[in-house]
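The structure appears below as structure tokens.
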Amino acid sequence: MSKKLLIVDDEAHIRMLLEQTLEDLEDEGVDFFMADNGEQALALIESEAPDLVLLDVMMPKMNGMEVCQRVKQNPDLKNVYVIILTAKGQEVDKQRSFDVGADRYMTKPFDPDEILDVARDVLKL
């Protein structure tokens with residue numbers, strides 16, 4: 001069974017950069033999904049139950065913290081691993097992400113090698 005990875009960011013160039021960073025995972029059987037706002041992300045998470053979500057915080061329609069909280073409150077989605085990936089690097093933002101259930105918190109700009117290593121680890125590749 002293939003693994004699923006969802007990239008959520010309202011900025012197209014960030015989505016593209018993440019996809020390029022992680023493109024080697026496609027050869028390892030990972031299916032990619034993209035969303036550019038919180039509502040679209042939540043709908044995709046509910047329908048696809050991705051193994052890993054890279055989730056921006058500041059987005060239209062629903063922010064990443066709300067998306068994360070709704071995912072983590074849904075027992076059917078308890079195995080979805082959520083990484084908050086944001087430009088907000090304050091300790092209070094980090095703590096809030098863990099309070100809503102995020103599994104990991106990473107800041108932008110991100111190190112592509114670190115993102116790839118973390119994704120491989122989470123997806124057990």
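Just so we're on the same page: first chain in the structure tokens is A, next is B, and so on; residues restart at 1 for each chain, and ligands are numbered from 1 in the order they show up.
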For region 121-124 of chain A, list every protein, DNA or RNA residue within 12 Å, evaluated using only C-alpha atoms, and leave out those in the same chain fewer than 4 positions away; present the list as a short mmCIF file (atom, residue, chain, number, x, y, z; two decimals) with N, CA and C atoms, in the first residue's frame.
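So the final result, stored in out-v1.cif, reads:
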data_model
loop_
_atom_site.label_atom_id
_atom_site.label_comp_id
_atom_site.auth_asym_id
_atom_site.auth_seq_id
_atom_site.Cartn_x
_atom_site.Cartn_y
_atom_site.Cartn_z
N MET A 1 0.84 -1.19 0.00
CA MET A 1 0.00 0.00 0.00
C MET A 1 0.88 1.24 0.00
N SER A 2 0.56 2.18 -0.86
CA SER A 2 1.40 3.38 -0.96
C SER A 2 1.15 4.33 0.20
N LYS A 3 2.16 5.13 0.46
CA LYS A 3 2.07 6.15 1.49
C LYS A 3 1.54 7.42 0.85
N LYS A 4 0.92 8.29 1.66
CA LYS A 4 0.36 9.53 1.16
C LYS A 4 0.92 10.71 1.94
N LEU A 5 1.26 11.77 1.20
CA LEU A 5 1.82 12.97 1.79
C LEU A 5 1.06 14.18 1.25
N LEU A 22 10.89 16.83 -2.06
CA LEU A 22 10.44 15.49 -1.70
C LEU A 22 10.19 14.57 -2.89
N LEU A 25 10.71 10.79 -3.13
CA LEU A 25 9.81 9.89 -2.42
C LEU A 25 8.77 9.27 -3.36
N GLU A 28 9.68 6.04 -4.34
CA GLU A 28 9.59 5.08 -3.23
C GLU A 28 8.13 4.77 -2.89
N GLY A 29 7.22 5.16 -3.78
CA GLY A 29 5.82 4.80 -3.62
C GLY A 29 4.95 5.78 -2.85
N VAL A 30 5.39 7.03 -2.74
CA VAL A 30 4.61 8.03 -2.01
C VAL A 30 3.77 8.84 -3.00
N ASP A 31 2.48 8.95 -2.69
CA ASP A 31 1.56 9.77 -3.48
C ASP A 31 1.47 11.15 -2.85
N PRO A 50 -3.94 11.05 4.74
CA PRO A 50 -2.51 10.95 4.43
C PRO A 50 -1.70 10.52 5.64
N ASP A 51 -0.57 9.90 5.38
CA ASP A 51 0.31 9.47 6.46
C ASP A 51 1.05 10.66 7.07
N LEU A 52 1.31 11.68 6.23
CA LEU A 52 2.09 12.84 6.65
C LEU A 52 1.49 14.09 6.04
N VAL A 53 1.36 15.13 6.88
CA VAL A 53 0.89 16.44 6.41
C VAL A 53 1.93 17.48 6.79
N LEU A 54 2.40 18.24 5.79
CA LEU A 54 3.24 19.41 6.02
C LEU A 54 2.31 20.60 5.95
N ASN A 79 -3.85 8.56 13.20
CA ASN A 79 -2.53 8.16 12.70
C ASN A 79 -1.93 9.14 11.70
N VAL A 80 -2.63 10.24 11.42
CA VAL A 80 -2.10 11.27 10.51
C VAL A 80 -1.03 12.05 11.27
N TYR A 81 0.18 12.06 10.74
CA TYR A 81 1.31 12.75 11.37
C TYR A 81 1.35 14.17 10.80
N VAL A 82 1.24 15.17 11.68
CA VAL A 82 1.17 16.57 11.25
C VAL A 82 2.43 17.32 11.66
N ILE A 83 3.10 17.88 10.67
CA ILE A 83 4.23 18.76 10.91
C ILE A 83 3.80 20.18 10.59
N ASP A 103 2.50 16.97 15.70
CA ASP A 103 3.51 15.99 16.05
C ASP A 103 4.92 16.58 16.00
N ARG A 104 5.09 17.63 15.21
CA ARG A 104 6.40 18.25 15.06
C ARG A 104 6.21 19.68 14.58
N GLU A 114 16.81 18.24 5.65
CA GLU A 114 16.14 17.90 6.90
C GLU A 114 14.69 17.50 6.64
N ILE A 115 14.01 18.24 5.77
CA ILE A 115 12.61 17.91 5.43
C ILE A 115 12.54 16.51 4.83
N LEU A 116 13.44 16.22 3.92
CA LEU A 116 13.46 14.90 3.28
C LEU A 116 13.75 13.81 4.30
N ASP A 117 14.72 14.03 5.17
CA ASP A 117 15.05 13.04 6.20
C ASP A 117 13.87 12.80 7.14
#
Using only C-alpha atoms, which residues sit within 8 Å of Val67 (chain A) once same-chain residues fewer than 2 positions away are excluded, as a list of chain:residue names?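 Counting only C-alpha atoms, the residues come to A:Gly38, A:Glu39, A:Ala41, A:Leu42, A:Met62, A:Asn63, A:Gly64, A:Met65, A:Gln69, A:Arg70, A:Val71.
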So that I have them on file, write out the residues from the current selection with C-alpha atoms, as a PDB file, in the first residue's frame.
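part-v6.pdb, freshly written:
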ATOM      1  CA  GLY A  38      -7.179  25.215   5.304  1.00  0.00           C
ATOM      2  CA  GLU A  39     -10.630  24.112   4.174  1.00  0.00           C
ATOM      3  CA  ALA A  41      -6.574  20.694   3.392  1.00  0.00           C
ATOM      4  CA  LEU A  42      -9.124  19.427   5.907  1.00  0.00           C
ATOM      5  CA  MET A  62      -8.950  28.145   7.953  1.00  0.00           C
ATOM      6  CA  ASN A  63      -5.523  28.448   9.526  1.00  0.00           C
ATOM      7  CA  GLY A  64      -3.184  25.514  10.068  1.00  0.00           C
ATOM      8  CA  MET A  65      -3.717  25.434  13.830  1.00  0.00           C
ATOM      9  CA  GLN A  69      -6.812  20.612  15.963  1.00  0.00           C
ATOM     10  CA  ARG A  70      -9.757  19.258  13.945  1.00  0.00           C
ATOM     11  CA  VAL A  71      -7.638  16.426  12.547  1.00  0.00           C
TER      12      VAL A  71
END
What residues in region 35-82 of chain A get the DSSP label strand (DSSP E)? Please answer as a PyMOL selection string. chain A and resi 35+52-55+81-82
Write down as number ranges by chain the residues of chain A whose backbone DSSP state falls under helix (DSSP H, G or I). A: 12-28, 38-48, 64-73, 75-77, 91-99, 112-123
Just to confirm, what's the straight-line distance from CA of Asn74 (chain A) to CA of Glu48 (chain A) in Å (one decimal)?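 Distance reported for this atom pair: 13.8 Å.
Minimum distance to Asn37 (chain A) across A:Leu17, A:Glu23, A:Ile7, A:Pro60 (counting only C-alpha atoms) occurs at A:Pro60.
Nearest-residue note for Gln73 (chain A): choosing from A:Asp10, A:Glu46, A:Asp36, A:Asp24, the minimum distance belongs to A:Glu46, counting only C-alpha atoms.
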Residue nearest Phe98 (chain A) among A:Cys68, A:Leu44, A:Val57, A:Leu18 (counting only C-alpha atoms):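 Selected residue with least distance to Phe98 (chain A): A:Cys68.
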Quick one: pull the distance between CA of Met34 (chain A) and CA of Val8 (chain A), Å, one decimal.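 Result for CA of Met34 (chain A) versus CA of Val8 (chain A): 5.9 Å, one decimal.
You will find CA of Leu85 (chain A) at 20.7 Å from CA of Glu26 (chain A).
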